[in-house]
Amino acid sequence: MKTKVLVTGGLGYIGSHTVVALLRANYEPVIIDNLDNSRIGILQQIEKITGVSPEFHYIDLCNEAQLADLITNDESIHNIIHFAAHKAVGESVAEPLKYYRNNFNSLFSILKAFEGKKMNLVFSSSCTVYGQPDELPVSEVAQVKKAESPYGNTKQVAEEILQDVATADKLKNIISLRYFNPVGAHESALIGELPSGVPQNLVPFVTQSAAGKRGPITVFGNDYDTPDGSCIRDYIHVVDLAEAHIAALQLLEKGNAEGNYDVFNVGTGNGYSVLELINAFETTTGVKLNYQIGPRRAGDIVKVWGDVTKSREKLGWQARLGIEEMMRSAWAWEQYLQTNQIN
Ligand code: UDP
């Protein structure tokens with residue numbers, strides 16, 4: 001019998017890549033999604049890649065009863081990877097309640113559904129919890145800074161809630177993965193990031209601009225304290241990121257999390273500036289980008305990249321794919337969207 005894994009938000013960007021990785025690792029994913037920022041067609045794409053059509057439930061996690069029914073009716077589910085959450089930083093500043101309501105109620109529904117039961121949970125957290133770190137690369141023991149946005153705050157507070165729950169209840173084994181900047185797409189180019197409206201994140205904007213869907217890229221500031229003046233991030237290929245969830249789940253299944261709760265950085269450990277990324281896109285794809293230097297974006301972190309020693313040593317995971325494969329696959333996905341007229 002294959003081990004079931006409930007994947008909330010399993011049709012989203014990181015969720016869909018993780019479902020593919022789970023199937024490859026011989027798990028049985030059970031997807032729940034409310035299609036808020038994803039499409040039902042992703043299910044067929046997953047089937048095209050893997051040959052398997054995973055179990056899917058259209059459930060809004062804020063509806064406690066729907067999830068509780070599913071868990072009550074299926075005693076074999078103990079593993080969960082929880083992606084489903086709102087994630088747009090800017091929107092969270094404009095509509096904080098939407099973020100607090102959705103992201104916390106979803107988490108509470110999960111905890112409620114597993115009350116009194118064994119649960120191995122992998123939680124999607126973010127390097128946003130570090131703010132601007134005092135030391136780079138930033139490791140998991142670095143101080144968590146006051147969140148810059150309600151979105152970031154939902155990640156920080158959720159981590160605290162989960163730590164408390166794991167401390168209080170030995171049936172709960174929990175790992176928070178702090179993602180750096182996920183980019184790229186599956187090598188098949190059948191799944192990838194589907195930003196709605198004007199992309200806020202750099203790479204989807206770059207690929208859309210290269211495809212002629214958008215105007216020139218604006219580099220948000222070139223007068224920062226970095227070698228070329230633009231901000232630095234630790235970009236991580238989404239396929240590597242998906243694999244980190246498998247490693248986390250396997251560690252939880254061994255019952256090996258630090259005192260039931262642990263946290264890991266998921267990045268490459270390398271920082272790239274905005275201008276370096278633009279250059280990497282151009283050299284990898286041969287496509288010339290139009291860009292201009294604009295003003296700084298309010299609230300931007302100047303530079304952050306992760307110390308991934310703990311992930312390598314304890315999780316047994318490390319990134320394999322570099323910036324070229326990130327750019328190549330992101331561009332292949334953009335071209336797939338164009339060819340198939342998916343907007
Ligand atoms: N960025 C940019 N132009 C854009 C979008 C982003 O120069 O159109 C920069 C942004 O200032 C940051 C980096 O790209 O330095 C990554 O931004 P993103 O929003 O993708 O991630 P985050 O800031 O959340 O790490």
# chains A, B, ... in the order shown; residues from 1 in each chain; ligands from 1
$ select_by_dssp --residues "region 126-328 of chain A" --states "strand (DSSP E or B)" --output "VMD selection string"
chain A and resid 126 138 172 to 179 181 to 183 217 to 220 232 to 233 235 to 237 261 to 266 272 to 273 291 to 294 303 306
$ residues_around --residues "region 296-308 of chain A" --least-positions-apart "2" --cutoff "9 Å" --atoms "only C-alpha atoms" --output "ChimeraX atom specification"
/A:127-128,130-133,136-140,148-149,180,219-226,230-235,264-273,294,310-313,318
$ closest_residue --among "A:Ile110, A:Val287, A:Ile191, A:Met327" --to "Leu11 (chain A)" --atoms "only C-alpha atoms"
A:Ile191
$ select_by_dssp --residues "region 95-256 of chain A" --states "alpha helix (DSSP H)" --output "ChimeraX atom specification"
/A:96-113,150-168,202-210,238-253
$ write_last_selection --atoms "C-alpha atoms" --output "PDB file, in the first residue's frame"
ATOM      1  CA  PRO A  96      -4.728  42.364   5.733  1.00  0.00           C
ATOM      2  CA  LEU A  97      -7.913  40.728   6.977  1.00  0.00           C
ATOM      3  CA  LYS A  98      -8.263  38.675   3.805  1.00  0.00           C
ATOM      4  CA  TYR A  99      -4.800  37.259   4.555  1.00  0.00           C
ATOM      5  CA  TYR A 100      -5.206  36.705   8.278  1.00  0.00           C
ATOM      6  CA  ARG A 101      -8.629  35.124   7.789  1.00  0.00           C
ATOM      7  CA  ASN A 102      -7.673  32.772   4.986  1.00  0.00           C
ATOM      8  CA  ASN A 103      -4.188  31.737   6.044  1.00  0.00           C
ATOM      9  CA  PHE A 104      -5.002  31.204   9.729  1.00  0.00           C
ATOM     10  CA  ASN A 105      -8.444  29.649   9.285  1.00  0.00           C
ATOM     11  CA  SER A 106      -6.969  27.182   6.810  1.00  0.00           C
ATOM     12  CA  LEU A 107      -4.284  26.219   9.290  1.00  0.00           C
ATOM     13  CA  PHE A 108      -6.815  25.886  12.114  1.00  0.00           C
ATOM     14  CA  SER A 109      -9.026  23.639   9.958  1.00  0.00           C
ATOM     15  CA  ILE A 110      -6.096  21.287   9.452  1.00  0.00           C
ATOM     16  CA  LEU A 111      -5.160  21.227  13.128  1.00  0.00           C
ATOM     17  CA  LYS A 112      -8.795  20.667  14.062  1.00  0.00           C
ATOM     18  CA  ALA A 113      -9.242  17.826  11.569  1.00  0.00           C
ATOM     19  CA  PRO A 150       0.603  40.824   6.867  1.00  0.00           C
ATOM     20  CA  TYR A 151       1.561  38.006   4.484  1.00  0.00           C
ATOM     21  CA  GLY A 152       4.945  37.655   6.187  1.00  0.00           C
ATOM     22  CA  ASN A 153       3.258  37.842   9.554  1.00  0.00           C
ATOM     23  CA  THR A 154       0.963  34.925   8.683  1.00  0.00           C
ATOM     24  CA  LYS A 155       4.090  32.819   8.030  1.00  0.00           C
ATOM     25  CA  GLN A 156       5.806  33.887  11.260  1.00  0.00           C
ATOM     26  CA  VAL A 157       2.800  33.392  13.483  1.00  0.00           C
ATOM     27  CA  ALA A 158       1.916  30.096  11.804  1.00  0.00           C
ATOM     28  CA  GLU A 159       5.434  28.835  12.571  1.00  0.00           C
ATOM     29  CA  GLU A 160       4.931  29.773  16.233  1.00  0.00           C
ATOM     30  CA  ILE A 161       1.531  28.095  16.363  1.00  0.00           C
ATOM     31  CA  LEU A 162       2.935  24.930  14.843  1.00  0.00           C
ATOM     32  CA  GLN A 163       5.861  24.865  17.238  1.00  0.00           C
ATOM     33  CA  ASP A 164       3.468  25.201  20.185  1.00  0.00           C
ATOM     34  CA  VAL A 165       1.238  22.446  18.843  1.00  0.00           C
ATOM     35  CA  ALA A 166       4.159  20.073  18.283  1.00  0.00           C
ATOM     36  CA  THR A 167       5.483  20.784  21.780  1.00  0.00           C
ATOM     37  CA  ALA A 168       2.110  20.110  23.381  1.00  0.00           C
ATOM     38  CA  LEU A 202      10.703  39.120 -10.950  1.00  0.00           C
ATOM     39  CA  VAL A 203      10.980  35.954 -13.049  1.00  0.00           C
ATOM     40  CA  PRO A 204       7.401  35.777 -14.359  1.00  0.00           C
ATOM     41  CA  PHE A 205       7.715  39.441 -15.229  1.00  0.00           C
ATOM     42  CA  VAL A 206      10.977  38.743 -17.064  1.00  0.00           C
ATOM     43  CA  THR A 207       9.505  35.872 -19.111  1.00  0.00           C
ATOM     44  CA  GLN A 208       6.311  37.802 -19.911  1.00  0.00           C
ATOM     45  CA  SER A 209       8.335  40.819 -20.950  1.00  0.00           C
ATOM     46  CA  ALA A 210      10.558  38.615 -23.139  1.00  0.00           C
ATOM     47  CA  VAL A 238      10.847  24.817  -8.029  1.00  0.00           C
ATOM     48  CA  VAL A 239      11.738  21.191  -8.864  1.00  0.00           C
ATOM     49  CA  ASP A 240      14.485  21.233  -6.213  1.00  0.00           C
ATOM     50  CA  LEU A 241      12.080  22.894  -3.816  1.00  0.00           C
ATOM     51  CA  ALA A 242       9.516  20.143  -4.469  1.00  0.00           C
ATOM     52  CA  GLU A 243      12.170  17.538  -3.635  1.00  0.00           C
ATOM     53  CA  ALA A 244      12.835  19.239  -0.298  1.00  0.00           C
ATOM     54  CA  HIS A 245       9.245  18.389   0.711  1.00  0.00           C
ATOM     55  CA  ILE A 246       9.848  14.717   0.020  1.00  0.00           C
ATOM     56  CA  ALA A 247      12.999  14.822   2.153  1.00  0.00           C
ATOM     57  CA  ALA A 248      11.086  16.600   4.949  1.00  0.00           C
ATOM     58  CA  LEU A 249       8.288  14.061   4.846  1.00  0.00           C
ATOM     59  CA  GLN A 250      10.764  11.191   4.995  1.00  0.00           C
ATOM     60  CA  LEU A 251      12.452  12.750   8.005  1.00  0.00           C
ATOM     61  CA  LEU A 252       9.088  13.160   9.740  1.00  0.00           C
ATOM     62  CA  GLU A 253       8.167   9.562   8.953  1.00  0.00           C
TER      63      GLU A 253
END
$ atom_distance --atom1 "CA of Leu35 (chain A)" --atom2 "CA of His57 (chain A)"
10.5 Å
$ atom_distance --atom1 "CA of Gly90 (chain A)" --atom2 "CA of Gln200 (chain A)"
8.5 Å
$ closest_residue --among "A:Leu22, A:Val129, A:Val122, A:Lys4" --to "Ile71 (chain A)" --atoms "only C-alpha atoms"
A:Lys4
$ atom_distance --atom1 "CA of Gly322 (chain A)" --atom2 "CA of Tyr13 (chain A)"
18.9 Å
$ closest_residue --among "A:Glu115, A:Glu64, A:Glu276, A:Asp262" --to "ligand 1" --atoms "only C-alpha atoms and all ligand atoms"
A:Glu276
$ residues_around --residues "Lys172 (chain A)" --least-positions-apart "2" --cutoff "9 Å" --atoms "only C-alpha atoms" --output "mmCIF file with N, CA, C and O atoms, in the first residue's frame"
data_model
loop_
_atom_site.group_PDB
_atom_site.id
_atom_site.type_symbol
_atom_site.label_atom_id
_atom_site.label_comp_id
_atom_site.auth_asym_id
_atom_site.auth_seq_id
_atom_site.Cartn_x
_atom_site.Cartn_y
_atom_site.Cartn_z
ATOM 1 N N PHE A 114 -7.163 17.066 12.591
ATOM 2 C CA PHE A 114 -6.230 16.047 13.085
ATOM 3 C C PHE A 114 -6.160 16.001 14.614
ATOM 4 O O PHE A 114 -5.261 15.370 15.162
ATOM 5 N N LYS A 117 -5.183 12.871 16.581
ATOM 6 C CA LYS A 117 -4.615 11.919 15.612
ATOM 7 C C LYS A 117 -3.152 12.212 15.361
ATOM 8 O O LYS A 117 -2.684 13.326 15.566
ATOM 9 N N LYS A 118 -2.491 11.189 14.845
ATOM 10 C CA LYS A 118 -1.097 11.359 14.429
ATOM 11 C C LYS A 118 -1.068 12.239 13.185
ATOM 12 O O LYS A 118 -1.905 12.100 12.287
ATOM 13 N N MET A 119 -0.117 13.135 13.127
ATOM 14 C CA MET A 119 0.005 14.002 11.946
ATOM 15 C C MET A 119 1.471 14.350 11.686
ATOM 16 O O MET A 119 2.161 14.834 12.573
ATOM 17 N N ASN A 120 1.917 14.087 10.471
ATOM 18 C CA ASN A 120 3.217 14.582 10.004
ATOM 19 C C ASN A 120 2.926 15.740 9.059
ATOM 20 O O ASN A 120 2.299 15.538 8.013
ATOM 21 N N LEU A 121 3.362 16.924 9.423
ATOM 22 C CA LEU A 121 3.004 18.102 8.619
ATOM 23 C C LEU A 121 4.251 18.822 8.111
ATOM 24 O O LEU A 121 5.168 19.128 8.877
ATOM 25 N N VAL A 165 2.055 23.655 18.988
ATOM 26 C CA VAL A 165 1.238 22.446 18.843
ATOM 27 C C VAL A 165 2.119 21.204 18.944
ATOM 28 O O VAL A 165 1.787 20.241 19.642
ATOM 29 N N ALA A 166 3.268 21.237 18.267
ATOM 30 C CA ALA A 166 4.159 20.073 18.283
ATOM 31 C C ALA A 166 4.726 19.837 19.679
ATOM 32 O O ALA A 166 4.930 18.695 20.089
ATOM 33 N N THR A 167 4.959 20.922 20.417
ATOM 34 C CA THR A 167 5.483 20.784 21.780
ATOM 35 C C THR A 167 4.434 20.166 22.695
ATOM 36 O O THR A 167 4.738 19.335 23.548
ATOM 37 N N ALA A 168 3.178 20.558 22.486
ATOM 38 C CA ALA A 168 2.110 20.110 23.381
ATOM 39 C C ALA A 168 1.630 18.698 23.064
ATOM 40 O O ALA A 168 1.108 18.006 23.938
ATOM 41 N N ASP A 169 1.776 18.279 21.819
ATOM 42 C CA ASP A 169 1.127 17.042 21.382
ATOM 43 C C ASP A 169 2.147 16.161 20.659
ATOM 44 O O ASP A 169 2.556 16.464 19.545
ATOM 45 N N LYS A 170 2.527 15.085 21.303
ATOM 46 C CA LYS A 170 3.572 14.218 20.738
ATOM 47 C C LYS A 170 3.119 13.488 19.470
ATOM 48 O O LYS A 170 3.931 12.877 18.776
ATOM 49 N N ILE A 174 6.243 18.117 13.013
ATOM 50 C CA ILE A 174 6.063 19.227 12.069
ATOM 51 C C ILE A 174 7.411 19.787 11.614
ATOM 52 O O ILE A 174 8.326 19.967 12.433
ATOM 53 N N ASN A 260 10.028 17.145 17.822
ATOM 54 C CA ASN A 260 8.751 17.173 17.090
ATOM 55 C C ASN A 260 8.596 18.351 16.139
ATOM 56 O O ASN A 260 7.672 18.392 15.338
ATOM 57 N N TYR A 261 9.446 19.379 16.285
ATOM 58 C CA TYR A 261 9.305 20.540 15.404
ATOM 59 C C TYR A 261 10.679 20.950 14.922
ATOM 60 O O TYR A 261 11.630 21.025 15.700
#
$ residues_around --residues "Leu337 (chain A)" --least-positions-apart "3" --cutoff "12 Å" --atoms "only C-alpha atoms" --output "list in words"
Ala185, Ala189, Leu190, Ile191, Gly192, Glu193, Leu194, Pro195, Pro204, Thr207, Gln208, Ala211, Lys213, Ala330, Trp331, Ala332, Trp333, Glu334, Asn340, Gln341, Ile342 and Asn343 of chain A
$ write_last_selection --atoms "C-alpha atoms" --output "PDB file, in the first residue's frame"
ATOM      1  CA  ALA A 185       9.216  25.132 -14.069  1.00  0.00           C
ATOM      2  CA  ALA A 189       7.115  22.628 -19.461  1.00  0.00           C
ATOM      3  CA  LEU A 190       3.645  21.244 -18.688  1.00  0.00           C
ATOM      4  CA  ILE A 191       3.384  22.887 -15.280  1.00  0.00           C
ATOM      5  CA  GLY A 192       4.800  26.149 -13.954  1.00  0.00           C
ATOM      6  CA  GLU A 193       3.856  29.412 -12.346  1.00  0.00           C
ATOM      7  CA  LEU A 194       0.545  30.910 -13.465  1.00  0.00           C
ATOM      8  CA  PRO A 195       0.574  34.477 -12.191  1.00  0.00           C
ATOM      9  CA  PRO A 204       7.401  35.777 -14.359  1.00  0.00           C
ATOM     10  CA  THR A 207       9.505  35.872 -19.111  1.00  0.00           C
ATOM     11  CA  GLN A 208       6.311  37.802 -19.911  1.00  0.00           C
ATOM     12  CA  ALA A 211       7.423  37.144 -24.718  1.00  0.00           C
ATOM     13  CA  LYS A 213       3.171  40.349 -23.128  1.00  0.00           C
ATOM     14  CA  ALA A 330      10.924  29.394 -16.912  1.00  0.00           C
ATOM     15  CA  TRP A 331      11.256  30.484 -20.541  1.00  0.00           C
ATOM     16  CA  ALA A 332      10.150  27.070 -21.893  1.00  0.00           C
ATOM     17  CA  TRP A 333       7.033  27.324 -19.698  1.00  0.00           C
ATOM     18  CA  GLU A 334       6.278  30.854 -20.914  1.00  0.00           C
ATOM     19  CA  ASN A 340      -1.384  27.101 -26.089  1.00  0.00           C
ATOM     20  CA  GLN A 341      -2.816  30.596 -25.689  1.00  0.00           C
ATOM     21  CA  ILE A 342      -3.080  30.284 -21.933  1.00  0.00           C
ATOM     22  CA  ASN A 343      -3.249  33.715 -20.344  1.00  0.00           C
TER      23      ASN A 343
END
$ residues_around --residues "Gly15 (chain A)" --least-positions-apart "5" --cutoff "7 Å" --atoms "only C-alpha atoms" --output "PDB file with C-alpha atoms, in the first residue's frame"
ATOM      1  CA  GLY A   9      -3.042  23.768  -2.616  1.00  0.00           C
ATOM      2  CA  GLY A  10      -1.789  20.839  -4.673  1.00  0.00           C
ATOM      3  CA  PHE A  83       0.699  24.955   0.688  1.00  0.00           C
TER       4      PHE A  83
END
$ decode --residues "region 25-36 of chain A" --atoms "N, CA and C atoms" --output "PDB file, in the first residue's frame"
ATOM      1  N   ALA A  25       8.177   9.521  -6.134  1.00  0.00           N
ATOM      2  CA  ALA A  25       8.744   8.881  -4.936  1.00  0.00           C
ATOM      3  C   ALA A  25       7.820   7.789  -4.400  1.00  0.00           C
ATOM      4  N   ASN A  26       6.777   7.448  -5.209  1.00  0.00           N
ATOM      5  CA  ASN A  26       5.882   6.349  -4.872  1.00  0.00           C
ATOM      6  C   ASN A  26       4.912   6.617  -3.728  1.00  0.00           C
ATOM      7  N   TYR A  27       4.641   7.875  -3.468  1.00  0.00           N
ATOM      8  CA  TYR A  27       3.579   8.228  -2.526  1.00  0.00           C
ATOM      9  C   TYR A  27       2.261   8.341  -3.288  1.00  0.00           C
ATOM     10  N   GLU A  28       1.175   8.413  -2.532  1.00  0.00           N
ATOM     11  CA  GLU A  28      -0.149   8.607  -3.144  1.00  0.00           C
ATOM     12  C   GLU A  28      -0.691   9.981  -2.728  1.00  0.00           C
ATOM     13  N   PRO A  29      -0.499  10.988  -3.556  1.00  0.00           N
ATOM     14  CA  PRO A  29      -0.989  12.315  -3.164  1.00  0.00           C
ATOM     15  C   PRO A  29      -2.516  12.408  -3.235  1.00  0.00           C
ATOM     16  N   VAL A  30      -3.081  13.083  -2.257  1.00  0.00           N
ATOM     17  CA  VAL A  30      -4.510  13.403  -2.263  1.00  0.00           C
ATOM     18  C   VAL A  30      -4.573  14.931  -2.265  1.00  0.00           C
ATOM     19  N   ILE A  31      -5.002  15.479  -3.400  1.00  0.00           N
ATOM     20  CA  ILE A  31      -4.937  16.939  -3.556  1.00  0.00           C
ATOM     21  C   ILE A  31      -6.217  17.583  -3.060  1.00  0.00           C
ATOM     22  N   ILE A  32      -6.091  18.647  -2.286  1.00  0.00           N
ATOM     23  CA  ILE A  32      -7.248  19.513  -2.095  1.00  0.00           C
ATOM     24  C   ILE A  32      -6.864  20.925  -2.520  1.00  0.00           C
ATOM     25  N   ASP A  33      -7.821  21.596  -3.148  1.00  0.00           N
ATOM     26  CA  ASP A  33      -7.550  22.933  -3.683  1.00  0.00           C
ATOM     27  C   ASP A  33      -8.899  23.620  -3.888  1.00  0.00           C
ATOM     28  N   ASN A  34      -8.911  24.935  -3.700  1.00  0.00           N
ATOM     29  CA  ASN A  34     -10.167  25.666  -3.974  1.00  0.00           C
ATOM     30  C   ASN A  34     -10.070  26.470  -5.267  1.00  0.00           C
ATOM     31  N   LEU A  35      -9.018  26.237  -6.038  1.00  0.00           N
ATOM     32  CA  LEU A  35      -8.811  26.863  -7.351  1.00  0.00           C
ATOM     33  C   LEU A  35      -8.774  28.385  -7.272  1.00  0.00           C
ATOM     34  N   ASP A  36      -8.430  28.889  -6.108  1.00  0.00           N
ATOM     35  CA  ASP A  36      -8.380  30.342  -5.928  1.00  0.00           C
ATOM     36  C   ASP A  36      -7.286  30.963  -6.795  1.00  0.00           C
TER      37      ASP A  36
END
